[in-house]
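Visitor: To be precise about what I am sending: the file is called my_file05.txt and holds compact mmCIF, C-alpha atoms.
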```txt
# COMPACT_ATOMS: atom_id res chain seq x y z
CA MET A 409 21.36 36.12 129.13
CA ALA A 410 22.33 33.42 131.48
CA ASP A 411 24.39 30.39 130.46
CA ASN A 412 24.01 27.47 132.76
CA GLY A 413 26.95 25.71 131.24
CA ASP A 414 24.99 23.31 129.04
CA ASN A 415 24.34 25.78 126.16
CA ARG A 416 20.67 26.28 127.14
CA ILE A 417 19.27 29.91 127.07
CA ALA A 418 17.42 31.46 130.11
CA PRO A 419 13.77 32.56 129.52
CA VAL A 420 13.15 36.28 128.68
CA ASP A 421 10.10 38.51 129.25
CA HIS A 422 9.10 40.20 125.90
CA SER A 423 6.31 42.43 127.36
CA SER A 424 8.45 45.59 127.92
CA PRO A 425 10.79 47.71 125.74
CA GLN A 426 13.58 46.53 127.89
CA ALA A 427 12.47 43.06 127.17
CA ASN A 428 12.48 43.82 123.42
CA SER A 429 16.01 45.13 123.69
CA SER A 430 16.89 42.16 125.72
CA GLY A 431 15.24 39.92 123.06
CA THR A 432 17.35 41.46 120.33
CA ARG A 433 20.49 40.80 122.32
CA CYS A 434 19.24 37.28 122.95
CA GLN A 435 18.84 36.60 119.21
CA GLN A 436 22.35 37.90 118.54
CA SER A 437 23.60 35.71 121.36
CA LYS A 438 21.88 32.68 119.77
CA LYS A 439 23.56 33.37 116.47
CA ARG A 440 26.95 33.65 118.14
CA GLN A 441 26.21 30.46 120.04
CA LYS A 442 25.40 28.59 116.80
CA VAL A 443 28.63 29.80 115.24
CA ILE A 444 30.63 28.74 118.28
CA SER A 445 28.85 25.38 118.35
CA SER A 446 29.54 24.88 114.66
CA GLU A 447 33.21 25.70 115.15
CA ILE A 448 33.45 23.27 118.06
CA GLU A 449 31.81 20.52 115.96
CA THR A 450 34.13 21.25 113.06
CA ARG A 451 37.20 21.13 115.31
CA SER A 452 35.90 17.89 116.75
CA ARG A 453 35.55 16.34 113.29
CA ILE A 454 39.00 17.50 112.27
CA GLN A 455 40.53 16.10 115.43
CA THR A 456 39.12 12.64 114.69
CA LEU A 457 41.61 12.39 111.80
CA LYS A 458 44.61 11.87 113.99
CA PRO A 459 48.01 12.62 112.48
CA ASP A 460 49.24 9.08 112.96
CA SER A 461 46.25 7.68 111.03
CA VAL A 462 47.15 9.47 107.80
CA PRO A 463 50.42 7.58 107.22
CA LYS A 464 48.63 4.31 107.92
CA PHE A 465 46.06 5.04 105.20
CA SER A 466 48.73 6.24 102.78
CA SER A 467 50.88 3.17 103.46
CA TYR A 468 47.95 0.88 102.80
CA THR A 469 47.18 2.70 99.56
CA ARG A 470 50.79 2.49 98.43
CA SER A 471 50.89 -1.19 99.33
CA CYS A 472 47.80 -1.93 97.23
CA THR A 473 49.12 0.16 94.35
CA ASN A 474 52.55 -1.50 94.45
CA SER A 475 50.98 -4.94 94.65
CA TYR A 476 48.79 -4.16 91.62
CA LEU A 477 51.74 -2.85 89.61
CA GLN A 478 53.81 -5.89 90.50
CA ARG A 479 51.01 -8.19 89.35
CA GLU A 480 50.76 -6.23 86.10
CA ASP A 481 54.52 -6.47 85.58
CA ARG A 482 54.45 -10.22 86.17
CA SER A 483 51.48 -10.57 83.84
CA ARG A 484 53.23 -8.62 81.08
CA ALA A 485 56.41 -10.62 81.56
CA LYS A 486 54.43 -13.85 81.42
CA ARG A 487 52.76 -12.76 78.18
CA ARG A 488 56.17 -12.01 76.71
CA ARG A 489 57.44 -15.43 77.80
CA THR A 490 54.41 -17.38 76.61
CA HIS A 491 55.77 -18.28 73.18
CA CYS A 492 59.37 -18.21 74.33
CA GLN A 493 58.63 -21.43 76.20
CA ARG A 494 59.49 -23.26 73.01
CA LYS A 495 63.15 -23.18 72.10
CA TRP A 496 65.02 -23.56 68.83
CA THR A 497 67.61 -26.34 68.68
CA TYR A 498 70.44 -25.74 66.23
CA SER A 499 72.34 -28.19 64.06
CA ALA A 500 75.68 -29.32 65.48
CA HIS A 501 77.24 -29.13 61.99
CA ASP A 502 78.99 -26.14 60.50
CA VAL A 503 76.20 -24.18 58.83
CA SER A 504 78.06 -20.94 58.13
CA LYS A 505 78.50 -21.80 54.44
CA TYR A 506 74.76 -21.92 53.77
CA ASN A 507 73.40 -18.58 52.60
CA ASP A 508 69.91 -19.27 51.25
CA ARG A 509 67.57 -20.36 54.02
CA VAL A 510 63.85 -20.57 54.64
CA VAL A 511 61.88 -20.98 57.85
CA ILE A 512 58.90 -23.30 57.44
CA VAL A 513 56.05 -23.73 59.92
CA SER A 514 53.42 -26.46 59.73
CA TYR A 515 50.38 -26.05 61.97
CA ASN A 516 47.03 -27.77 62.40
CA ILE A 517 45.17 -24.78 63.81
CA LEU A 518 41.96 -26.65 64.79
CA GLY A 519 39.01 -25.71 62.61
CA VAL A 520 36.14 -23.99 64.36
CA GLU A 521 33.72 -26.60 63.02
CA ASN A 522 35.89 -29.45 64.31
CA ALA A 523 36.05 -27.93 67.78
CA THR A 524 32.28 -27.48 67.85
CA LYS A 525 31.40 -30.96 66.58
CA HIS A 526 33.69 -32.87 68.92
CA PRO A 527 33.22 -31.55 72.47
CA GLU A 528 34.32 -34.93 73.84
CA LEU A 529 37.89 -34.05 72.84
CA TYR A 530 37.94 -30.88 74.93
CA ARG A 531 36.34 -31.87 78.21
CA GLY A 532 38.83 -29.95 80.34
CA VAL A 533 39.06 -26.90 78.09
CA SER A 534 37.36 -23.62 78.97
CA PRO A 535 34.78 -22.46 76.38
CA LYS A 536 36.70 -19.19 76.25
CA HIS A 537 39.82 -21.02 75.06
CA LEU A 538 37.82 -22.71 72.29
CA ASP A 539 36.40 -19.42 71.04
CA TRP A 540 37.80 -18.58 67.60
CA GLU A 541 38.30 -14.87 68.28
CA TYR A 542 40.38 -15.69 71.34
CA ARG A 543 42.34 -18.44 69.59
CA LYS A 544 42.93 -16.33 66.48
CA LYS A 545 44.77 -13.69 68.50
CA LEU A 546 46.93 -16.33 70.18
CA LEU A 547 47.75 -18.04 66.90
CA CYS A 548 48.75 -14.84 65.12
CA ARG A 549 50.89 -13.66 68.02
CA GLU A 550 52.60 -17.04 68.16
CA LEU A 551 53.23 -17.17 64.41
CA LYS A 552 54.72 -13.70 64.41
CA GLY A 553 57.38 -14.87 66.85
CA TYR A 554 58.60 -17.63 64.54
CA GLN A 555 59.54 -15.20 61.75
CA ALA A 556 58.49 -17.75 59.15
CA SER A 557 59.11 -17.62 55.42
CA ILE A 558 56.43 -20.22 54.61
CA LEU A 559 53.35 -21.27 56.60
CA CYS A 560 51.42 -24.51 56.02
CA PHE A 561 48.07 -24.74 57.81
CA GLN A 562 45.77 -27.71 58.18
CA ALA A 563 42.16 -27.80 59.44
CA ILE A 564 41.65 -24.17 58.46
CA ASP A 565 38.05 -23.06 57.94
CA HIS A 566 38.43 -19.29 58.56
CA PHE A 567 40.93 -18.54 55.83
CA ASN A 568 39.74 -14.97 55.24
CA ASP A 569 40.28 -14.05 58.89
CA LEU A 570 43.89 -15.19 58.87
CA ASN A 571 44.52 -13.89 55.37
CA LYS A 572 43.61 -10.32 56.39
CA ILE A 573 45.97 -10.45 59.35
CA LEU A 574 48.86 -12.18 57.62
CA GLN A 575 48.68 -9.85 54.63
CA LYS A 576 49.65 -7.02 56.98
CA ASP A 577 52.79 -9.01 57.83
CA GLY A 578 53.69 -9.38 54.17
CA PHE A 579 52.25 -12.84 53.48
CA ARG A 580 50.29 -14.04 50.50
CA GLY A 581 48.24 -17.21 50.74
CA LEU A 582 46.22 -19.85 48.92
CA ASN A 583 43.47 -21.97 50.39
CA LYS A 584 42.03 -25.34 49.39
CA ALA A 585 38.87 -26.42 51.22
CA ARG A 586 37.68 -29.98 51.11
CA ALA A 587 34.39 -30.97 49.54
CA GLY A 588 31.32 -32.29 51.32
CA GLU A 589 29.81 -31.27 54.62
CA SER A 590 33.14 -30.26 56.16
CA HIS A 591 34.63 -27.01 54.90
CA ASP A 592 38.03 -27.01 56.52
CA GLY A 593 41.09 -27.61 54.40
CA CYS A 594 44.71 -26.63 53.83
CA ALA A 595 46.37 -23.28 53.23
CA ILE A 596 49.89 -22.23 52.25
CA PHE A 597 51.22 -18.72 52.95
CA TRP A 598 54.58 -17.30 51.91
CA LYS A 599 56.42 -14.02 52.38
CA ASN A 600 55.70 -12.06 49.26
CA LYS A 601 59.02 -10.21 49.28
CA LEU A 602 60.94 -13.49 49.58
CA PHE A 603 59.19 -15.63 46.96
CA THR A 604 57.40 -15.53 43.64
CA LEU A 605 54.66 -18.09 43.02
CA LEU A 606 55.41 -20.05 39.86
CA HIS A 607 52.73 -22.74 40.04
CA GLU A 608 49.94 -24.06 42.23
CA GLU A 609 48.13 -27.38 42.19
CA ASN A 610 45.70 -29.32 44.38
CA ILE A 611 44.58 -32.89 44.95
CA GLU A 612 40.97 -33.68 45.80
CA PHE A 613 41.23 -37.23 47.05
CA GLN A 614 37.50 -37.75 46.83
CA LYS A 615 37.83 -37.97 43.05
CA TYR A 616 39.92 -41.12 43.52
CA GLY A 617 37.72 -42.79 46.13
CA LEU A 618 40.07 -41.73 48.93
CA HIS A 619 37.72 -39.75 51.16
CA ASN A 620 37.27 -35.97 50.98
CA ASN A 621 40.66 -34.83 52.30
CA VAL A 622 42.77 -32.46 50.21
CA ALA A 623 46.41 -31.65 49.53
CA GLN A 624 47.98 -28.61 47.90
CA PHE A 625 51.26 -27.68 46.24
CA CYS A 626 53.04 -24.42 45.48
CA VAL A 627 56.19 -24.00 43.42
CA LEU A 628 57.98 -20.99 44.88
CA LYS A 629 61.04 -19.19 43.56
CA MET A 630 63.31 -17.08 45.78
CA ASN A 631 63.48 -13.51 44.58
CA GLN A 632 66.88 -12.70 43.05
CA ASP A 633 67.33 -9.43 44.91
CA LEU A 634 67.79 -11.46 48.10
CA VAL A 635 71.22 -12.75 47.07
CA ASN A 636 73.57 -12.60 50.04
CA ALA A 637 76.07 -9.80 49.49
CA ASP A 638 78.90 -11.94 50.92
CA ALA A 639 78.07 -15.03 48.87
CA THR A 640 80.53 -16.40 46.34
CA SER A 641 79.79 -16.10 42.62
CA ARG A 642 78.85 -19.77 42.60
CA SER A 643 76.31 -19.21 45.34
CA GLN A 644 75.00 -16.16 43.54
CA CYS A 645 74.39 -18.18 40.38
CA SER A 646 72.61 -20.92 42.30
CA THR A 647 70.55 -18.44 44.27
CA ALA A 648 69.20 -16.93 41.07
CA SER A 649 67.44 -20.25 40.42
CA ARG A 650 66.52 -21.21 43.99
CA SER A 651 63.07 -22.77 43.76
CA LEU A 652 61.26 -25.43 45.73
CA VAL A 653 58.07 -27.44 45.80
CA VAL A 654 56.02 -26.96 48.96
CA GLY A 655 53.41 -29.63 49.67
CA ASN A 656 50.77 -29.47 52.39
CA ILE A 657 48.42 -32.28 53.42
CA HIS A 658 45.93 -33.29 56.08
CA VAL A 659 45.67 -37.09 55.98
CA LEU A 660 42.47 -38.92 56.93
CA TYR A 661 42.08 -39.40 60.70
CA ASN A 662 40.24 -42.76 60.80
CA PRO A 663 42.81 -45.15 62.36
CA LYS A 664 41.22 -48.25 60.85
CA ARG A 665 41.45 -47.08 57.24
CA GLY A 666 45.15 -47.58 56.64
CA ASP A 667 44.38 -48.34 53.02
CA ILE A 668 42.99 -44.83 52.47
CA LYS A 669 45.79 -43.21 54.46
CA LEU A 670 48.44 -44.93 52.34
CA GLY A 671 46.56 -44.11 49.15
CA GLN A 672 46.47 -40.42 50.03
CA MET A 673 50.16 -40.39 50.90
CA ARG A 674 51.07 -42.32 47.75
CA MET A 675 49.35 -39.76 45.51
CA PHE A 676 50.80 -36.87 47.51
CA LEU A 677 54.38 -38.14 47.10
CA GLU A 678 53.93 -38.96 43.41
CA LYS A 679 52.65 -35.45 42.65
CA ALA A 680 55.47 -33.83 44.65
CA TYR A 681 58.05 -35.80 42.65
CA GLU A 682 56.32 -34.97 39.37
CA LEU A 683 56.39 -31.23 40.11
CA SER A 684 60.01 -31.38 41.21
CA GLN A 685 60.96 -32.96 37.87
CA GLU A 686 58.86 -30.55 35.83
CA TRP A 687 60.57 -27.53 37.36
CA GLY A 688 64.14 -28.78 37.01
CA CYS A 689 64.64 -31.35 39.80
CA ILE A 690 64.10 -28.72 42.48
CA PRO A 691 63.99 -29.45 46.23
CA VAL A 692 60.79 -30.60 47.92
CA VAL A 693 59.37 -29.75 51.34
CA LEU A 694 56.35 -31.71 52.57
CA ALA A 695 54.41 -30.58 55.63
CA GLY A 696 51.23 -31.65 57.29
CA ASP A 697 49.17 -33.51 59.82
CA LEU A 698 49.69 -37.12 58.76
CA ASN A 699 47.56 -38.63 61.54
CA SER A 700 50.32 -41.22 61.97
CA LEU A 701 52.84 -41.79 64.73
CA PRO A 702 56.63 -42.03 64.35
CA GLN A 703 56.38 -45.70 65.38
CA SER A 704 54.18 -46.55 62.42
CA ALA A 705 54.29 -48.21 59.02
CA MET A 706 53.31 -44.87 57.47
CA TYR A 707 56.42 -43.22 58.92
CA GLN A 708 58.51 -46.17 57.78
CA PHE A 709 57.13 -45.74 54.26
CA LEU A 710 58.12 -42.07 54.12
CA ALA A 711 61.60 -42.63 55.54
CA SER A 712 62.56 -45.74 53.55
CA SER A 713 60.62 -45.06 50.31
CA LYS A 714 59.05 -48.52 50.39
CA LEU A 715 56.59 -50.64 52.31
CA HIS A 716 55.33 -54.23 52.04
CA ILE A 717 51.82 -53.45 53.12
CA GLN A 718 50.64 -57.06 53.44
CA ARG A 719 52.99 -57.41 56.36
CA HIS A 720 50.83 -54.95 58.23
CA ASP A 721 47.26 -54.85 59.37
CA ARG A 722 45.58 -51.89 57.69
CA ARG A 723 44.16 -50.93 61.09
CA HIS A 724 47.69 -50.43 62.39
CA ILE A 725 49.25 -48.56 59.46
CA SER A 726 49.16 -45.23 61.28
CA GLY A 727 50.13 -46.55 64.71
CA GLN A 728 47.15 -44.86 66.33
CA ILE A 729 45.91 -48.28 67.46
CA PHE A 730 48.61 -50.49 69.02
CA PRO A 731 51.52 -48.26 67.88
CA SER A 732 54.17 -51.02 67.98
CA LYS A 733 52.34 -53.53 65.77
CA TYR A 734 54.43 -52.74 62.70
CA ALA A 735 57.54 -54.05 64.47
CA GLU A 736 56.15 -57.49 65.21
CA PRO A 737 57.60 -60.52 63.41
CA GLN A 738 55.70 -61.47 60.31
CA SER A 739 54.71 -64.85 61.75
CA LEU A 740 52.67 -63.05 64.40
CA ARG A 741 50.95 -60.89 61.84
CA LYS A 742 49.67 -63.40 59.33
CA CYS A 743 46.19 -63.41 60.78
CA LEU A 744 46.13 -59.59 60.83
CA SER A 745 47.36 -58.84 57.34
CA ARG A 746 44.47 -59.78 55.10
CA TRP A 747 43.79 -57.11 52.51
CA THR A 748 40.98 -57.26 49.97
CA ASP A 749 41.70 -56.44 46.35
CA ASP A 750 39.82 -53.16 46.70
CA GLU A 751 41.90 -52.17 49.71
CA LEU A 752 45.12 -52.99 47.86
CA VAL A 753 44.04 -50.85 44.92
CA LEU A 754 43.23 -47.91 47.20
CA ALA A 755 46.57 -48.18 48.97
CA THR A 756 48.93 -48.97 46.09
CA GLY A 757 47.02 -48.05 42.94
CA SER A 758 47.20 -51.71 41.87
CA ARG A 759 46.79 -55.18 43.36
CA ASP A 760 50.46 -55.32 44.17
CA GLY A 761 51.22 -55.72 47.85
CA SER A 762 54.31 -53.52 47.76
CA LEU A 763 54.43 -49.74 47.78
CA ARG A 764 57.24 -47.38 46.72
CA HIS A 765 57.73 -43.67 46.24
CA PRO A 766 60.47 -41.95 44.19
CA LEU A 767 61.59 -39.29 46.67
CA GLU A 768 64.52 -39.49 49.09
CA LEU A 769 63.10 -37.88 52.19
CA ARG A 770 64.30 -37.01 55.65
CA SER A 771 62.41 -35.58 58.56
CA ALA A 772 63.64 -32.12 59.52
CA TYR A 773 63.57 -33.04 63.21
CA ALA A 774 65.44 -36.28 62.65
CA GLY A 775 68.23 -34.20 61.10
CA VAL A 776 68.86 -32.16 64.26
CA ALA A 777 69.63 -33.96 67.52
CA GLY A 778 67.57 -32.96 70.53
CA SER A 779 66.97 -33.70 74.20
CA HIS A 780 65.21 -36.89 75.34
CA LYS A 781 62.92 -34.62 77.36
CA VAL A 782 61.18 -33.46 74.18
CA ARG A 783 62.19 -36.07 71.54
CA ASP A 784 61.66 -39.79 71.00
CA LYS A 785 64.15 -42.36 69.70
CA SER A 786 63.51 -41.32 66.11
CA ARG A 787 64.26 -37.69 67.11
CA GLU A 788 60.68 -36.65 66.47
CA PRO A 789 58.85 -34.53 69.08
CA LEU A 790 57.26 -36.54 71.87
CA ALA A 791 53.94 -34.81 71.29
CA THR A 792 52.53 -32.37 68.75
CA SER A 793 48.86 -32.89 69.65
CA TYR A 794 47.04 -33.11 72.98
CA HIS A 795 43.34 -33.45 73.76
CA SER A 796 41.15 -35.61 75.98
CA LEU A 797 41.67 -38.78 73.91
CA PHE A 798 45.21 -38.41 72.55
CA LEU A 799 48.72 -37.28 73.40
CA GLY A 800 51.35 -37.89 70.75
CA THR A 801 53.01 -36.83 67.50
CA VAL A 802 51.23 -36.67 64.15
CA ASP A 803 52.68 -33.48 62.59
CA TYR A 804 55.85 -33.44 60.46
CA ILE A 805 58.05 -31.59 58.01
CA TRP A 806 59.90 -33.76 55.48
CA HIS A 807 62.42 -32.58 52.90
CA THR A 808 64.59 -33.92 50.09
CA LEU A 809 68.35 -34.20 50.48
CA ASP A 810 69.09 -30.98 48.62
CA LEU A 811 67.85 -29.12 51.70
CA VAL A 812 69.74 -29.13 55.00
CA PRO A 813 68.10 -28.52 58.41
CA MET A 814 69.68 -25.62 60.31
CA LYS A 815 67.39 -25.60 63.35
CA VAL A 816 64.08 -26.99 64.60
CA LEU A 817 61.49 -25.70 67.04
CA GLU A 818 61.20 -27.96 70.08
CA ALA A 819 57.79 -29.05 71.36
CA LEU A 820 56.73 -28.73 74.99
CA PRO A 821 57.84 -31.41 77.49
CA LEU A 822 55.15 -33.93 78.36
CA ASP A 823 55.01 -32.92 82.02
CA ARG A 824 54.25 -29.34 81.02
CA LEU A 825 51.55 -30.45 78.61
CA ARG A 826 49.94 -32.65 81.27
CA LYS A 827 50.03 -29.74 83.68
CA ILE A 828 48.08 -27.66 81.16
CA GLY A 829 45.50 -30.45 81.09
CA GLY A 830 44.60 -30.24 77.40
CA LEU A 831 44.78 -28.00 74.36
CA PRO A 832 43.75 -25.36 73.35
CA SER A 833 44.57 -23.41 76.51
CA LYS A 834 45.10 -19.92 77.83
CA GLU A 835 48.44 -19.74 76.02
CA TRP A 836 48.05 -22.05 73.01
CA GLY A 837 45.43 -21.55 70.32
CA SER A 838 45.06 -25.08 68.94
CA ASP A 839 44.96 -28.70 70.08
CA HIS A 840 48.16 -29.14 68.05
CA LEU A 841 51.58 -27.58 68.48
CA ALA A 842 53.26 -26.02 65.48
CA VAL A 843 56.29 -27.81 64.04
CA ALA A 844 58.91 -25.56 62.48
CA CYS A 845 62.38 -25.69 60.99
CA GLU A 846 64.90 -23.64 59.09
CA LEU A 847 66.16 -25.31 55.92
CA ALA A 848 69.08 -24.25 53.74
CA PHE A 849 69.64 -24.95 50.06
CA ALA A 850 72.57 -27.33 49.62
CA ASP A 851 74.89 -27.35 46.62
CA GLU A 852 75.22 -30.52 44.55
CA ASP A 853 78.40 -31.66 46.27
CA GLU A 854 76.73 -31.25 49.67
CA LYS A 855 73.80 -33.37 48.48
CA ASP A 856 76.19 -36.07 47.24
CA ARG A 857 77.94 -36.25 50.63
CA SER A 858 74.63 -36.57 52.46
CA THR A 859 73.46 -39.59 50.47
```
I need this file expressed as C-alpha cells, please.
Guide:
Amino acid sequence: MADNGDNRIAPVDHSSPQANSSGTRCQQSKKRQKVISSEIETRSRIQTLKPDSVPKFSSYTRSCTNSYLQREDRSRAKRRRTHCQRKWTYSAHDVSKYNDRVVIVSYNILGVENATKHPELYRGVSPKHLDWEYRKKLLCRELKGYQASILCFQAIDHFNDLNKILQKDGFRGLNKARAGESHDGCAIFWKNKLFTLLHEENIEFQKYGLHNNVAQFCVLKMNQDLVNADATSRSQCSTASRSLVVGNIHVLYNPKRGDIKLGQMRMFLEKAYELSQEWGCIPVVLAGDLNSLPQSAMYQFLASSKLHIQRHDRRHISGQIFPSKYAEPQSLRKCLSRWTDDELVLATGSRDGSLRHPLELRSAYAGVAGSHKVRDKSREPLATSYHSLFLGTVDYIWHTLDLVPMKVLEALPLDRLRKIGGLPSKEWGSDHLAVACELAFADEDEKDRST
C-alpha cells in the first residue's frame, strides 16, 4: 500500500493470489485509516473548544442568571412594598388609656358593571387592570394588610366572590344590592371573633323617591372575652357592653341633584340616630362614598349638624361642580338658590328651607393631623378617587364623640397618583383608595371633655 501523503490509496491488481492477499491487507489498511481519520476529526472538534472560551461562556451564563435573580428579588420586594406605600398617621394625644379599639375600612371597590359601562372614565387604564379576577386579588391582598375589624364596601356587585375569600380570614358579611337595572350595592363585613351581630337594617331610597341607592346598618357588640387583661375594673364593665352602630352608604353621583343627595343623607343620619337611641345611646360610625367634596355644603351639613339649603344652589351641594360655590356671600347666590317645593320636600322632608340632624359627628381624618402633602385644609385626604374625569376626595369615615381616632391611613400624594395616570392600576384594584382609621371607645368623662 502506498500513501502519497493525502490519504489516497494506490491501485491494486486483484487477478493473482498475491493480489488477493494484498487486497485483504488493503481492506484492513482502509479500516485503520478510517479509524485514524475519525480520531483526527474528533481531536479537531475537541480542540475548537479552547480552554479560555469555557470561562467566557460560564461567566456569561452566571451574569444572566444573577441578573434574572436580581430582577426577581426586586420584583418580590416591590410586591411587598406595594401596599406599604400608604402610611398610618397616629394621634398626637396620649392614647395609652384606651383599651377597646376597632379598625374600620371604607372602600368603593368599583363594581364590575360600572367599569364596563363607563369606559370613558378609564381611557388610560389597561384592560388587564380592569379585569375583575386581577382586581379581586389586589383588593384582597391590600385589605389583609390593614388588619381591619370592620369593612364597609360600596359599589360591590360580586359579593359572593369576596365573601368566600373574607370568610377564610374570619369575616362575616351582609350585602344590600340596589334595585333596578344596576345590581351593585353596599356590604358590611366584621371579624366574627371580635363582634356579635345584634341587629341589621337597610334603607332603599327608591321607596321614598330618592333614586335607587341603598344604605345599610349593623349593630355590633364586642365579644366579652376580648376584655383587656390589664384594663381597670371600670374599663372591664364598660367593655362588657361595648356596642356600636355601623352605617354604610353610597350616595347618588349626579352632581346636579343636590336635593336627592341631601335627602339620602338626611334619612341616613336620622336612622343612625334612631338605632343609637334604641340600643342604649351607643356610638355611631358612618362610612361611605358620599360623592361630595370636603369643600361642599354636604360636608358642612355633616360637620355642623345644620344647613340652610336655600343659600345654596342644588347643583353645587356636593361641590362636584364649582367646589367653592358654598362659600360665596349670599347676595351673590340669590339667583342660584331657587328650589321648587318638590325639591325642598326631597331634601328636607318638608317645605322648610333648613335642614338639621341630631348627631354630633366628626370626621376621623379631621381628628388626626397630617401632612399637607396628602391632606387639605380640613385635614381630609387630597384625593380618594382618580379616573379620567375626576381627581379628588369623596370617601369618608365619620363618628360620634364617644369614639376617639387613634390613627388614620394616609392617601397617596397627588404627584404619585398623577404618575400612575389613573386608577385602577397594576398595584391598586379600584378607582378609589380605601379610607381607614382606628377608633377607640371613650368613657363618658372623655366624651364630655371633647365636646
Visitor: Work out how far atom CA of Arg650 of chain A is from atom CA of Ser499 of chain A, in Å to one decimal.
Guide: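 Straight-line distance from atom CA of Ser499 of chain A to atom CA of Arg650 of chain A works out to 22.0 Å.
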Visitor: Report as a ChimeraX atom specification all protein, DNA and RNA residues lying within 12 Å of Asn568 of chain A, evaluated on all atoms listed in the file, omitting residues in the same chain fewer than 3 positions from it.
Guide: /A:544,564-565,571-575,580-583,595
Visitor: When you draw a straight line from atom CA of Gly519 of chain A to atom CA of Ala819 of chain A, how long is it in Å?
Guide: 21.0 Å
Visitor: Point out the residue among A:Leu790, A:Val692, A:Leu769, A:Leu670 with the least atom-to-atom distance to Arg722 of chain A, counting only C-alpha atoms.
Guide: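 Ranking A:Leu790, A:Val692, A:Leu769, A:Leu670 by distance to Arg722 of chain A, first place goes to A:Leu670.
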Visitor: Counting all atoms listed in the file, select every polymer residue within 10 Å of (50.6, -36.1, 55.3) as defined in the file's coordinates, and provide the selection as number ranges by chain.
Guide: A: 623, 655-660, 669-670, 672-674, 676-677, 694-700, 706-707, 710, 802-806
Visitor: Can you work out which one of A:Met675, A:Leu797, A:Leu606, A:Cys626 has the shortest atom-to-atom distance to Leu559 of chain A, counting only C-alpha atoms?
Guide: A:Cys626
Visitor: Could you check which residues have any atom within 7 Å of (38.8, -36.3, 72.5), counting all atoms listed in the file with coordinates taken straight from the file, and then list them as a ChimeraX atom specification?
Guide: /A:528-530,795-798
Visitor: Which residue, A:Lys781, A:Lys601, A:Arg759, A:Arg723, has the smallest gap to Asn631 of chain A when you use all atoms listed in the file?
Guide: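 Closest to Asn631 of chain A of all the choices is A:Lys601.
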Visitor: Work out how far apart atom CA of His537 of chain A and atom CA of Ala523 of chain A are and give it in Å to one decimal.
Guide: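 It comes out at 10.7 Å.
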Visitor: Looking at only C-alpha atoms, which of A:Leu602, A:Leu628, A:Ala587, A:Val654 is the one that sits closest to Ser514 of chain A?
Guide: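 Closest candidate: A:Val654.
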Visitor: From the list A:Ala585, A:Ala680, A:Leu605, A:Val520, which residue is nearest Asn620 of chain A when using only C-alpha atoms?
Guide: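 Of A:Ala585, A:Ala680, A:Leu605, A:Val520, the one nearest Asn620 of chain A, counting only C-alpha atoms, is A:Ala585.
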Visitor: When you count only C-alpha atoms, which of these residues is closest to Leu546 of chain A: A:Ser762, A:Leu570, A:Arg531, A:Val511?
Guide: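 Using only C-alpha atoms, Leu546 of chain A sits closest to A:Leu570.
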Visitor: Which residues are near Ile725 of chain A? Cut-off 12 Å, all atoms listed in the file, ignore same chain within fewer than 4 positions. Put them as a ChimeraX atom specification.
Guide: /A:661-671,673,698-709,715-721,729-735,744-745,755
